[in-house]
$ cat data.txt   # compact mmCIF, C-alpha atoms
# COMPACT_ATOMS: atom_id res chain seq x y z
CA MET K 1 -6.02 -28.69 -18.59
CA LYS K 2 -9.52 -29.95 -17.90
CA GLY K 3 -9.10 -30.76 -14.24
CA LYS K 4 -9.63 -34.52 -14.76
CA ILE K 5 -7.98 -37.43 -12.97
CA LYS K 6 -6.02 -38.04 -16.18
CA ASP K 7 -4.33 -34.65 -15.75
CA LEU K 8 -3.22 -35.71 -12.29
CA LEU K 9 -1.86 -39.04 -13.50
CA ASN K 10 0.09 -37.24 -16.24
CA ILE K 11 2.18 -35.42 -13.65
CA TYR K 12 5.62 -36.95 -13.32
CA GLY K 13 5.83 -39.17 -10.22
CA VAL K 14 2.13 -39.54 -9.48
CA GLU K 15 1.56 -43.22 -8.69
CA GLY K 16 -2.09 -43.44 -7.82
CA TYR K 17 -5.09 -42.04 -6.03
CA VAL K 18 -7.98 -42.84 -3.76
CA ILE K 19 -11.25 -40.94 -4.04
CA THR K 20 -13.61 -41.30 -1.13
CA THR K 21 -17.07 -39.92 -0.56
CA ASN K 22 -19.46 -40.73 2.24
CA LYS K 23 -20.84 -43.60 0.12
CA THR K 24 -18.18 -44.66 -2.37
CA MET K 25 -14.48 -45.36 -2.57
CA GLN K 26 -12.35 -45.61 -5.71
CA ILE K 27 -8.85 -47.00 -5.16
CA LYS K 28 -6.20 -46.86 -7.90
CA ILE K 29 -2.86 -47.40 -6.29
CA PRO K 30 0.09 -49.69 -7.10
CA SER K 31 -0.20 -53.13 -5.58
CA LYS K 32 2.95 -52.59 -3.49
CA TYR K 33 0.97 -50.17 -1.32
CA LYS K 34 -2.05 -52.43 -1.00
CA THR K 35 -2.71 -54.63 1.99
CA GLN K 36 -5.72 -56.58 3.14
CA ASN K 37 -6.77 -53.63 5.24
CA THR K 38 -6.26 -50.90 2.64
CA LYS K 39 -9.93 -50.15 2.20
CA LYS K 40 -10.56 -50.03 5.95
CA GLN K 41 -7.51 -47.83 6.51
CA PHE K 42 -8.66 -45.30 3.93
CA ARG K 43 -12.22 -45.38 5.27
CA ASP K 44 -10.88 -44.69 8.80
CA LEU K 45 -8.73 -41.88 7.47
CA TYR K 46 -11.78 -40.44 5.69
CA LYS K 47 -13.78 -40.56 8.93
CA ASN K 48 -11.00 -38.90 10.90
CA ILE K 49 -10.63 -36.10 8.39
CA THR K 50 -14.32 -35.40 7.85
CA GLU K 51 -15.09 -35.52 11.56
CA GLU K 52 -12.60 -32.74 12.21
CA LYS K 53 -14.69 -29.62 11.80
CA GLU K 54 -12.20 -27.01 13.03
CA ARG K 55 -9.39 -27.66 10.57
CA SER K 56 -8.48 -24.75 8.33
CA GLY K 57 -7.26 -25.30 4.78
CA ASN K 58 -8.17 -28.07 2.36
CA ILE K 59 -4.90 -29.79 1.56
CA ILE K 60 -2.95 -32.15 3.81
CA GLU K 61 0.49 -33.39 2.86
CA VAL K 62 2.00 -36.46 4.52
CA TYR K 63 5.62 -37.36 3.89
CA LEU K 64 6.19 -41.07 4.28
CA GLU K 65 9.42 -42.99 3.80
CA ASP K 66 9.25 -43.51 0.05
CA VAL K 67 5.99 -41.87 -0.91
CA MET K 68 4.20 -38.61 -0.50
CA VAL K 69 0.47 -38.60 0.23
CA THR K 70 -1.40 -35.43 -0.66
CA ILE K 71 -4.96 -35.27 0.58
CA PHE K 72 -7.43 -32.89 -1.06
CA ILE K 73 -10.66 -32.12 0.76
CA ASN K 74 -13.79 -30.56 -0.65
CA GLY K 75 -16.87 -31.01 1.52
CA SER K 76 -17.56 -34.73 1.88
CA THR K 77 -15.28 -35.66 -1.02
CA ILE K 78 -11.68 -36.52 -0.28
CA MET K 79 -8.96 -37.39 -2.76
CA MET K 80 -5.66 -38.88 -1.69
CA VAL K 81 -2.84 -38.81 -4.21
CA LEU K 82 0.30 -40.90 -3.91
CA SER K 83 3.42 -39.55 -5.54
CA LYS K 84 7.17 -40.02 -5.60
CA LYS K 85 9.31 -37.59 -3.68
CA GLY K 86 10.71 -36.02 -6.84
CA THR K 87 7.27 -34.94 -8.00
CA ASN K 88 6.67 -31.23 -8.44
CA GLN K 89 4.40 -30.83 -5.44
CA ALA K 90 3.25 -27.33 -6.37
CA ILE K 91 1.96 -28.54 -9.74
CA LEU K 92 0.43 -31.55 -8.02
CA ARG K 93 -1.39 -29.30 -5.54
CA MET K 94 -2.60 -26.99 -8.31
CA THR K 95 -3.89 -29.84 -10.46
CA GLY K 96 -5.32 -31.62 -7.41
CA LYS K 97 -7.30 -28.53 -6.46
CA LEU K 98 -8.81 -28.44 -9.94
CA VAL K 99 -9.63 -32.16 -9.88
CA ILE K 100 -11.28 -32.12 -6.45
CA ALA K 101 -13.27 -29.02 -7.44
CA GLY K 102 -14.43 -30.88 -10.57
CA LEU K 103 -15.36 -33.98 -8.54
CA ALA K 104 -17.31 -31.94 -5.99
CA LYS K 105 -19.10 -30.11 -8.77
CA ALA K 106 -19.99 -33.37 -10.53
CA LYS K 107 -21.26 -34.80 -7.23
CA GLY K 108 -23.45 -31.76 -6.67
CA LYS K 109 -25.18 -32.12 -10.04
CA MET C 110 11.59 53.85 -1.56
CA ASN C 111 14.11 53.70 1.30
CA ILE C 112 15.24 50.58 3.11
CA ASP C 113 15.29 51.39 6.78
CA ILE C 114 15.91 48.10 8.56
CA THR C 115 17.38 44.86 7.26
CA GLY C 116 18.48 41.66 8.96
CA ASP C 117 18.34 37.88 9.32
CA ILE C 118 15.14 36.17 10.42
CA GLU C 119 17.31 33.66 12.28
CA GLN C 120 18.38 36.45 14.66
CA THR C 121 15.16 38.47 14.80
CA ARG C 122 12.01 36.48 14.19
CA CYS C 123 8.97 37.99 12.50
CA PRO C 124 6.92 38.65 15.71
CA GLU C 125 9.77 40.68 17.19
CA ILE C 126 10.08 42.81 14.04
CA ILE C 127 6.32 43.41 14.04
CA LYS C 128 6.54 44.52 17.67
CA ILE C 129 9.42 46.95 16.97
CA LEU C 130 7.70 48.50 13.93
CA SER C 131 4.42 48.76 15.81
CA LEU C 132 5.98 50.48 18.83
CA GLY C 133 7.80 52.88 16.50
CA LYS C 134 4.46 53.73 14.80
CA ARG C 135 6.08 53.09 11.44
CA THR C 136 4.50 53.19 7.98
CA GLY C 137 5.84 51.00 5.21
CA ARG C 138 6.32 47.46 4.00
CA LEU C 139 8.17 44.67 5.78
CA GLY C 140 9.42 42.24 3.16
CA LEU C 141 10.38 38.72 4.28
CA ASP C 142 12.09 36.01 2.27
CA ASN C 143 12.95 32.56 3.64
CA GLY C 144 14.63 31.34 0.46
CA GLY C 145 11.68 29.26 -0.69
CA ALA C 146 8.85 31.73 -0.19
CA ALA C 147 8.47 35.49 0.19
CA GLY C 148 5.85 37.80 1.64
CA ASN C 149 5.06 41.30 2.86
CA ILE C 150 3.47 42.89 5.90
CA PHE C 151 2.21 46.47 5.49
CA PHE C 152 2.13 48.95 8.36
CA ALA C 153 0.28 52.28 8.70
CA ASP C 154 1.22 54.35 11.75
CA GLY C 155 2.24 51.20 13.59
CA ARG C 156 -0.95 49.26 12.75
CA VAL C 157 -0.76 46.12 10.64
CA VAL C 158 -3.14 46.70 7.71
CA HIS C 159 -2.29 44.12 5.10
CA ALA C 160 -0.12 41.06 4.47
CA ASN C 161 0.52 38.64 1.67
CA CYS C 162 2.59 35.50 1.27
CA GLY C 163 2.37 33.88 -2.14
CA PRO C 164 -1.32 33.33 -2.83
CA ILE C 165 -2.24 33.79 0.85
CA LYS C 166 -3.51 37.17 1.96
CA GLY C 167 -4.54 38.76 5.27
CA ILE C 168 -3.86 37.55 8.79
CA THR C 169 -3.16 33.97 7.60
CA ALA C 170 -0.15 35.28 5.66
CA ILE C 171 1.28 36.72 8.91
CA TYR C 172 0.69 33.43 10.72
CA GLU C 173 2.58 31.71 7.91
CA MET C 174 5.59 34.05 7.97
CA ALA C 175 5.70 34.16 11.77
CA THR C 176 6.81 30.51 11.85
CA TRP C 177 9.80 31.04 9.55
CA THR C 178 13.08 30.46 11.32
CA SER C 179 15.53 31.49 8.60
CA GLY C 180 15.84 33.99 5.74
CA GLU C 181 16.10 37.75 5.44
CA TYR C 182 13.88 40.75 6.06
CA ALA C 183 13.90 44.40 5.00
CA PHE C 184 11.63 47.31 5.88
CA PHE C 185 10.74 49.69 3.05
CA VAL C 186 9.71 53.07 4.45
CA ASP C 187 6.45 54.65 3.20
CA ASP C 188 5.73 51.75 0.81
CA THR C 189 2.00 51.58 1.46
CA ALA C 190 -0.53 48.84 0.82
CA ASP C 191 -3.02 49.06 -2.03
CA SER C 192 -5.59 47.14 0.01
CA ALA C 193 -6.47 46.59 3.67
CA THR C 194 -7.12 43.01 4.72
CA ILE C 195 -6.31 43.18 8.43
CA ASP C 196 -8.19 45.04 11.13
CA MET C 197 -6.82 43.59 14.34
CA PRO C 198 -4.82 45.12 17.20
CA VAL C 199 -1.11 44.23 17.04
CA ASP C 200 -1.20 42.73 20.56
CA ASN C 201 -3.90 40.28 19.46
CA ILE C 202 -1.91 39.40 16.34
CA LEU C 203 1.22 38.76 18.42
CA SER C 204 -0.71 36.67 20.93
CA GLU C 205 -2.15 34.51 18.16
CA VAL C 206 1.27 34.27 16.51
CA ALA C 207 2.88 33.11 19.79
CA ASP C 208 0.23 30.41 20.06
CA ARG C 209 0.94 29.30 16.47
CA ILE C 210 4.68 29.16 17.11
CA ARG C 211 4.06 26.86 20.08
CA GLN C 212 1.89 24.65 17.87
CA MET C 213 4.56 24.72 15.15
CA ASP C 214 7.21 23.59 17.64
CA ARG C 215 5.01 20.61 18.48
CA ILE C 216 4.42 19.87 14.80
CA THR C 217 8.11 20.11 13.85
CA SER C 218 8.93 17.59 16.55
CA LEU C 219 7.10 15.10 14.31
CA ILE C 220 7.45 16.67 10.86
CA PRO C 221 10.93 18.11 10.35
CA SER C 222 10.04 20.32 7.36
CA GLY C 223 7.56 21.03 4.60
CA GLU C 224 9.80 19.18 2.15
CA VAL C 225 8.98 15.78 3.64
CA VAL C 226 6.98 13.37 1.46
CA TYR C 227 4.32 11.16 2.95
CA THR C 228 2.46 8.13 1.69
CA LEU C 229 -0.69 6.36 2.82
CA ASP C 230 -0.03 3.76 5.49
CA PRO C 231 -1.59 0.42 4.46
CA ASP C 232 -1.18 -1.00 8.00
CA ILE C 233 -3.94 1.06 9.52
CA LYS C 234 -4.69 0.06 13.10
CA GLU C 235 -7.97 1.82 13.81
CA LYS C 236 -11.19 0.05 12.84
CA GLY C 237 -13.04 3.24 12.01
CA ILE C 238 -11.71 6.70 11.26
CA ALA C 239 -13.69 9.93 10.84
CA LEU C 240 -12.08 12.67 8.78
CA LYS C 241 -12.95 16.33 8.43
CA ALA C 242 -13.48 17.65 4.90
CA THR C 243 -10.18 19.60 5.03
CA GLN C 244 -8.28 16.49 6.13
CA TRP C 245 -9.87 14.48 3.33
CA ARG C 246 -8.91 17.14 0.75
CA VAL C 247 -5.29 16.91 1.87
CA LEU C 248 -5.38 13.12 1.99
CA THR C 249 -6.42 12.90 -1.67
CA TYR C 250 -3.12 14.56 -2.66
CA ILE C 251 -0.86 12.36 -0.54
CA ASP C 252 0.68 9.96 -3.04
CA GLY C 253 4.27 9.36 -1.98
CA THR C 254 5.62 11.91 -4.49
CA LYS C 255 4.28 15.33 -3.45
CA SER C 256 5.88 17.07 -0.48
CA ILE C 257 3.82 18.86 2.17
CA ALA C 258 4.85 22.19 0.59
CA ASP C 259 3.73 20.95 -2.86
CA ILE C 260 0.30 20.09 -1.47
CA ALA C 261 0.07 23.46 0.32
CA ASN C 262 0.80 25.18 -3.02
CA ILE C 263 -1.74 23.10 -4.92
CA LEU C 264 -4.46 23.82 -2.38
CA GLY C 265 -3.38 27.47 -1.91
CA VAL C 266 -3.30 26.95 1.84
CA ALA C 267 -0.70 28.14 4.36
CA LEU C 268 2.08 25.64 5.02
CA PHE C 269 1.38 25.90 8.74
CA ASP C 270 -2.25 24.83 8.26
CA ILE C 271 -1.25 21.93 5.99
CA MET C 272 1.43 20.78 8.44
CA ARG C 273 -1.14 20.85 11.20
CA ILE C 274 -3.39 18.55 9.14
CA PHE C 275 -0.43 16.25 8.38
CA TYR C 276 0.34 16.15 12.10
CA THR C 277 -3.20 14.95 12.83
CA LEU C 278 -3.14 12.38 9.99
CA ILE C 279 0.17 10.97 11.26
CA LYS C 280 -1.22 10.74 14.78
CA MET C 281 -4.26 8.90 13.37
CA GLY C 282 -1.87 6.40 11.77
CA ILE C 283 -3.24 7.03 8.27
CA ILE C 284 -0.01 8.27 6.68
CA LYS C 285 3.68 7.57 7.06
CA GLU C 286 6.86 9.15 5.77
CA GLY C 287 8.08 7.63 2.52
CA HIS C 288 8.46 7.79 -1.23
CA GLN C 289 6.97 5.62 -3.91
CA ASP C 290 8.94 5.16 -7.10
CA ARG C 291 6.87 6.40 -9.98
CA THR C 292 7.36 6.42 -13.69
CA GLU C 293 6.96 9.50 -15.85
CA LYS C 294 3.34 8.48 -16.42
CA GLY C 295 2.79 8.57 -12.67
CA GLU C 296 2.29 4.84 -12.48
CA LEU C 297 3.94 2.61 -9.95
CA ALA C 298 7.30 1.54 -11.32
CA LEU C 299 7.01 -2.22 -11.28
CA SER C 300 9.70 -4.14 -13.03
CA LEU C 301 7.87 -7.16 -14.37
CA PRO C 302 9.99 -9.18 -16.79
CA GLU C 303 8.58 -9.56 -20.29
CA THR C 304 8.58 -13.35 -20.46
CA PRO C 305 5.71 -15.41 -21.94
CA PHE C 306 5.05 -16.85 -18.48
CA ILE C 307 4.77 -13.43 -16.82
CA GLU C 308 2.64 -12.11 -19.69
CA THR C 309 0.19 -15.00 -19.24
CA LEU C 310 0.30 -14.54 -15.47
CA VAL C 311 -0.48 -10.81 -15.66
CA LYS C 312 -3.32 -11.41 -18.12
CA ALA C 313 -4.86 -14.24 -16.09
CA LEU C 314 -4.53 -12.46 -12.76
CA THR C 315 -5.86 -9.19 -14.17
CA ASN C 316 -8.94 -11.12 -15.30
CA ALA C 317 -9.26 -12.49 -11.77
CA MET C 318 -8.35 -9.50 -9.63
CA GLY C 319 -8.30 -6.39 -11.79
CA PRO C 320 -5.57 -3.86 -12.63
CA ILE C 321 -3.93 -4.05 -9.21
CA CYS C 322 -2.49 -7.47 -10.14
CA PRO C 323 1.09 -6.37 -11.08
CA ILE C 324 1.53 -5.04 -7.54
CA ILE C 325 0.22 -8.29 -6.07
CA ILE C 326 2.59 -10.33 -8.27
CA VAL C 327 5.64 -8.28 -7.28
CA GLU C 328 4.72 -8.30 -3.57
CA THR C 329 4.02 -12.05 -3.52
CA ALA C 330 7.28 -12.81 -5.37
CA GLN C 331 9.16 -10.69 -2.82
CA GLU C 332 7.43 -12.47 0.09
CA LEU C 333 8.43 -15.85 -1.37
CA ASP C 334 11.87 -14.59 -2.39
CA ILE C 335 11.24 -15.63 -5.98
CA ASP C 336 13.01 -13.94 -8.88
CA LEU C 337 10.35 -13.39 -11.54
CA THR C 338 12.86 -14.10 -14.31
CA THR C 339 13.47 -17.61 -12.99
CA ASP C 340 12.68 -20.62 -15.16
CA ASP C 341 12.45 -22.88 -12.12
CA VAL C 342 8.99 -24.39 -12.60
CA GLU C 343 8.74 -25.44 -8.98
CA LYS C 344 9.25 -21.87 -7.77
CA LEU C 345 6.85 -20.48 -10.36
CA ALA C 346 4.27 -23.08 -9.32
CA SER C 347 4.59 -21.97 -5.68
CA LEU C 348 4.01 -18.39 -6.80
CA ILE C 349 0.89 -19.40 -8.75
CA GLU C 350 -0.42 -21.38 -5.83
CA ILE C 351 -0.11 -18.46 -3.42
CA LEU C 352 -1.55 -16.02 -5.96
CA SER C 353 -4.55 -18.28 -6.55
CA SER C 354 -5.19 -18.39 -2.81
CA LYS C 355 -5.48 -14.58 -2.88
CA ILE C 356 -8.37 -14.66 -5.35
CA PRO C 357 -11.52 -14.38 -3.25
CA LYS C 358 -13.98 -16.17 -5.59
CA GLU C 359 -13.36 -19.90 -5.82
CA ASP C 360 -14.58 -20.39 -9.40
CA ILE C 361 -12.40 -17.51 -10.61
CA ALA C 362 -9.44 -18.90 -8.65
CA LEU C 363 -9.96 -22.27 -10.35
CA ASP C 364 -10.05 -20.67 -13.81
CA PHE C 365 -6.82 -18.89 -12.96
CA LEU C 366 -5.28 -22.17 -11.76
CA LYS C 367 -6.34 -23.92 -14.98
CA THR C 368 -4.75 -21.29 -17.21
CA MET C 369 -1.56 -21.16 -15.21
CA THR C 370 -1.20 -24.93 -14.82
CA ASP C 371 -1.32 -25.22 -18.62
CA ARG C 372 1.28 -22.46 -18.90
CA LEU C 373 3.51 -24.14 -16.31
CA LYS C 374 3.35 -27.42 -18.17
CA LEU C 375 4.53 -25.62 -21.28
CA GLU C 376 7.38 -24.12 -19.27
CA GLU C 377 8.28 -27.57 -17.99
CA GLU C 378 8.28 -29.01 -21.54
CA ASN C 379 10.49 -26.15 -22.76
CA ARG C 380 13.15 -26.77 -20.12

$ encode --input "data.txt" --output "structure tokens"
Amino acid sequence: MKGKIKDLLNIYGVEGYVITTNKTMQIKIPSKYKTQNTKKQFRDLYKNITEEKERSGNIIEVYLEDVMVTIFINGSTIMMVLSKKGTNQAILRMTGKLVIAGLAKAKGK
Amino acid sequence: MNIDITGDIEQTRCPEIIKILSLGKRTGRLGLDNGGAAGNIFFADGRVVHANCGPIKGITAIYEMATWTSGEYAFFVDDTADSATIDMPVDNILSEVADRIRQMDRITSLIPSGEVVYTLDPDIKEKGIALKATQWRVLTYIDGTKSIADIANILGVALFDIMRIFYTLIKMGIIKEGHQDRTEKGELALSLPETPFIETLVKALTNAMGPICPIIIVETAQELDIDLTTDDVEKLASLIEILSSKIPKEDIALDFLKTMTDRLKLEEENR
């Protein structure tokens, strides 16, 4: 376990991710979830989350109809992971924490 | 050596016997035995001159025996003391004893006997607590296994005095009644299963949090209602997640998460 994106994608049921910073956005999600507005939607979501200063905790889980969105926050870096409902969410959260910590550390260098 | 008076302490308490022997200007030894402890009070022409109760000598020994509510007594005529530790009028002794009995009644309303075992109360409510040196000395012996009487014996202090300190500590909210299960080595009896997962967990968490980690694991598993022998990876992952959130330093928590995520993946592969 190195805490890389690859580790996250190796988890059963993980379908994709979006990594957003205040300047960049990396989208790797299946085409069935993509729309013309995908980038704008994620940017808006990023703004909403980072503008909220009072929130405690650094993981948000959103259950949608056929997909689970887990959002990891570390400072100005946000990672959203899409997974199937049968995915082991505890392992996903553990690995996600390691990945976002690695991303934040790399950004700080 | 003649026995002159005998009886039950339950019917005639120690202060009354002292009063009778004093008024009768008697010389001899009053022996008292409450079943668990024994002591003597020596009289010379009706004056109290010496007393002992286990390791306690002098007036404190009388205060101790005066609070006994059961047992037997016997007066041995002309059995004189080999030392004199008390030089106090009998009326003053009885007045002090009466005061102690009142205090003891108040104490026993909270502490039923010296056989009760107390443990430190982790849910302390006060923000700051100041202790006297004597209270601190007693507190260092309170471990959930020693009774009040045990601690009194260790410190060589009268049970009454120890119970008074316990009374104050209870009122402060520092201690509470209760046992802790301990092994023969005196360590907390924690039943951690000897599985590879638990062994890795203990090692990794000890590195992160120190030797207290087995207690934290057991408590967290109980809170989450997780059986530590389970091979349910999802449940074990929840346990790891909560445990990692209890590690104060983020980098150490991440190292712990790394180790345990690897271990969990192995568990998942072995299913």

$ atom_distance --input "data.txt" --atom1 "atom CA of Asn111 of chain C" --atom2 "atom CA of Leu139 of chain C"
11.7 Å

$ residues_around --input "data.txt" --residues "Arg135 of chain C" --least-positions-apart "3" --cutoff "7 Å" --atoms "all atoms listed in the file" --output "compact mmCIF listing (two decimals) with C-alpha atoms, in the coordinates of the input"
# COMPACT_ATOMS: atom_id res chain seq x y z
CA LEU C 130 7.70 48.50 13.93
CA SER C 131 4.42 48.76 15.81
CA PHE C 152 2.13 48.95 8.36
CA ALA C 153 0.28 52.28 8.70
CA ASP C 154 1.22 54.35 11.75
CA GLY C 155 2.24 51.20 13.59

$ residues_around --input "data.txt" --residues "segment 10-25 of chain K" --least-positions-apart "5" --cutoff "10 Å" --atoms "all atoms listed in the file" --output "PyMOL selection string"
(chain K and resi 5+30+33+39+42-43+45-47+50+67-89+91-92+95+100+103-104+107) or (chain C and resi 374)

$ closest_residue --input "data.txt" --among "C:Pro231, C:Gly148, C:Pro323, C:Pro357" --to "Leu301 of chain C" --atoms "only C-alpha atoms"
C:Pro323

$ interface_residues --input "data.txt" --of "chain C" --to "chain K" --cutoff "7 Å" --atoms "only C-alpha atoms" --output "list in words"
Glu343, Ala346, Ser347, Glu350, Leu363, Leu366, Lys367, Thr370 and Asp371 of chain C

$ atom_distance --input "data.txt" --atom1 "atom CA of Pro198 of chain C" --atom2 "atom CA of Ile129 of chain C"
14.4 Å

$ atom_distance --input "data.txt" --atom1 "atom CA of Ile150 of chain C" --atom2 "atom CA of Ala193 of chain C"
10.8 Å

$ closest_residue --input "data.txt" --among "C:Ile112, C:Leu264, C:Ile233, C:Ile127" --to "Asp188 of chain C" --atoms "only C-alpha atoms"
C:Ile112

$ residues_near_point --input "data.txt" --point "(-1.7, -7.0, -11.9)" --cutoff "12 Å" --atoms "all atoms listed in the file" --output "list in words"
Leu297, Leu299, Ser300, Leu301, Ile307, Glu308, Thr309, Leu310, Val311, Lys312, Ala313, Leu314, Thr315, Asn316, Ala317, Met318, Gly319, Pro320, Ile321, Cys322, Pro323, Ile324, Ile325, Ile326, Val327, Glu328, Thr329 and Leu352 of chain C

$ residues_around --input "data.txt" --residues "Gly140 of chain C" --least-positions-apart "6" --cutoff "6 Å" --atoms "only C-alpha atoms" --output "VMD selection string"
chain C and resid 148 to 149 182 to 183

$ write_last_selection --input "data.txt" --atoms "C-alpha atoms" --output "CSV table (one decimal), in the coordinates of the input"
chain,number,residue,atom,x,y,z
C,148,GLY,CA,5.8,37.8,1.6
C,149,ASN,CA,5.1,41.3,2.9
C,182,TYR,CA,13.9,40.8,6.1
C,183,ALA,CA,13.9,44.4,5.0

$ residues_near_point --input "data.txt" --point "(10.8, -28.8, -16.1)" --cutoff "10 Å" --atoms "all atoms listed in the file" --output "list in words"
Asn88 of chain K; Asp340, Asp341, Val342, Glu343, Leu373, Lys374, Leu375, Glu376, Glu377, Glu378, Asn379 and Arg380 of chain C

$ write_last_selection --input "data.txt" --atoms "C-alpha atoms" --output "mmCIF file, in the frame of the given file"
data_model
loop_
_atom_site.group_PDB
_atom_site.id
_atom_site.type_symbol
_atom_site.label_atom_id
_atom_site.label_comp_id
_atom_site.auth_asym_id
_atom_site.auth_seq_id
_atom_site.Cartn_x
_atom_site.Cartn_y
_atom_site.Cartn_z
ATOM 1 C CA ASN K 88 6.670 -31.230 -8.440
ATOM 2 C CA ASP C 340 12.680 -20.620 -15.160
ATOM 3 C CA ASP C 341 12.450 -22.880 -12.120
ATOM 4 C CA VAL C 342 8.990 -24.390 -12.600
ATOM 5 C CA GLU C 343 8.740 -25.440 -8.980
ATOM 6 C CA LEU C 373 3.510 -24.140 -16.310
ATOM 7 C CA LYS C 374 3.350 -27.420 -18.170
ATOM 8 C CA LEU C 375 4.530 -25.620 -21.280
ATOM 9 C CA GLU C 376 7.380 -24.120 -19.270
ATOM 10 C CA GLU C 377 8.280 -27.570 -17.990
ATOM 11 C CA GLU C 378 8.280 -29.010 -21.540
ATOM 12 C CA ASN C 379 10.490 -26.150 -22.760
ATOM 13 C CA ARG C 380 13.150 -26.770 -20.120
#

$ closest_residue --input "data.txt" --among "C:Leu333, C:Ile279, C:Met272, C:Ile349" --to "Ile216 of chain C" --atoms "all atoms listed in the file"
C:Met272

$ closest_residue --input "data.txt" --among "C:Thr338, C:Asp196, C:Glu303, C:Leu278" --to "Ile168 of chain C" --atoms "all atoms listed in the file"
C:Asp196

$ build_atoms --input "data.txt" --residues "segment 134-149 of chain C" --atoms "N, CA and C atoms" --output "JSON list (two decimals), in the frame of the given file"
[["chain", "number", "residue", "atom", "x", "y", "z"],
["C", 134, "LYS", "N", 5.53, 53.11, 15.61],
["C", 134, "LYS", "CA", 4.46, 53.73, 14.80],
["C", 134, "LYS", "C", 4.92, 53.97, 13.36],
["C", 135, "ARG", "N", 5.51, 52.94, 12.77],
["C", 135, "ARG", "CA", 6.08, 53.09, 11.44],
["C", 135, "ARG", "C", 5.05, 52.84, 10.33],
["C", 136, "THR", "N", 5.32, 53.41, 9.18],
["C", 136, "THR", "CA", 4.50, 53.19, 7.98],
["C", 136, "THR", "C", 5.43, 52.66, 6.89],
["C", 137, "GLY", "N", 5.00, 51.56, 6.26],
["C", 137, "GLY", "CA", 5.84, 51.00, 5.21],
["C", 137, "GLY", "C", 5.58, 49.52, 5.03],
["C", 138, "ARG", "N", 6.49, 48.89, 4.31],
["C", 138, "ARG", "CA", 6.32, 47.46, 4.00],
["C", 138, "ARG", "C", 7.49, 46.64, 4.55],
["C", 139, "LEU", "N", 7.14, 45.60, 5.29],
["C", 139, "LEU", "CA", 8.17, 44.67, 5.78],
["C", 139, "LEU", "C", 8.19, 43.48, 4.82],
["C", 140, "GLY", "N", 9.30, 43.36, 4.09],
["C", 140, "GLY", "CA", 9.42, 42.24, 3.16],
["C", 140, "GLY", "C", 10.21, 41.11, 3.81],
["C", 141, "LEU", "N", 9.69, 39.88, 3.70],
["C", 141, "LEU", "CA", 10.38, 38.72, 4.28],
["C", 141, "LEU", "C", 10.61, 37.67, 3.19],
["C", 142, "ASP", "N", 11.76, 37.04, 3.27],
["C", 142, "ASP", "CA", 12.09, 36.01, 2.27],
["C", 142, "ASP", "C", 12.83, 34.87, 2.98],
["C", 143, "ASN", "N", 12.27, 33.67, 2.94],
["C", 143, "ASN", "CA", 12.95, 32.56, 3.64],
["C", 143, "ASN", "C", 13.71, 31.65, 2.67],
["C", 144, "GLY", "N", 13.90, 32.12, 1.45],
["C", 144, "GLY", "CA", 14.63, 31.34, 0.46],
["C", 144, "GLY", "C", 13.70, 30.56, -0.44],
["C", 145, "GLY", "N", 12.63, 30.02, 0.11],
["C", 145, "GLY", "CA", 11.68, 29.26, -0.69],
["C", 145, "GLY", "C", 10.41, 30.02, -0.95],
["C", 146, "ALA", "N", 10.07, 30.93, -0.04],
["C", 146, "ALA", "CA", 8.85, 31.73, -0.19],
["C", 146, "ALA", "C", 9.12, 33.16, 0.29],
["C", 147, "ALA", "N", 8.30, 34.08, -0.20],
["C", 147, "ALA", "CA", 8.47, 35.49, 0.19],
["C", 147, "ALA", "C", 7.12, 36.10, 0.49],
["C", 148, "GLY", "N", 7.11, 37.16, 1.32],
["C", 148, "GLY", "CA", 5.85, 37.80, 1.64],
["C", 148, "GLY", "C", 6.07, 39.20, 2.17],
["C", 149, "ASN", "N", 4.99, 39.91, 2.38],
["C", 149, "ASN", "CA", 5.06, 41.30, 2.86],
["C", 149, "ASN", "C", 4.05, 41.53, 3.96]]
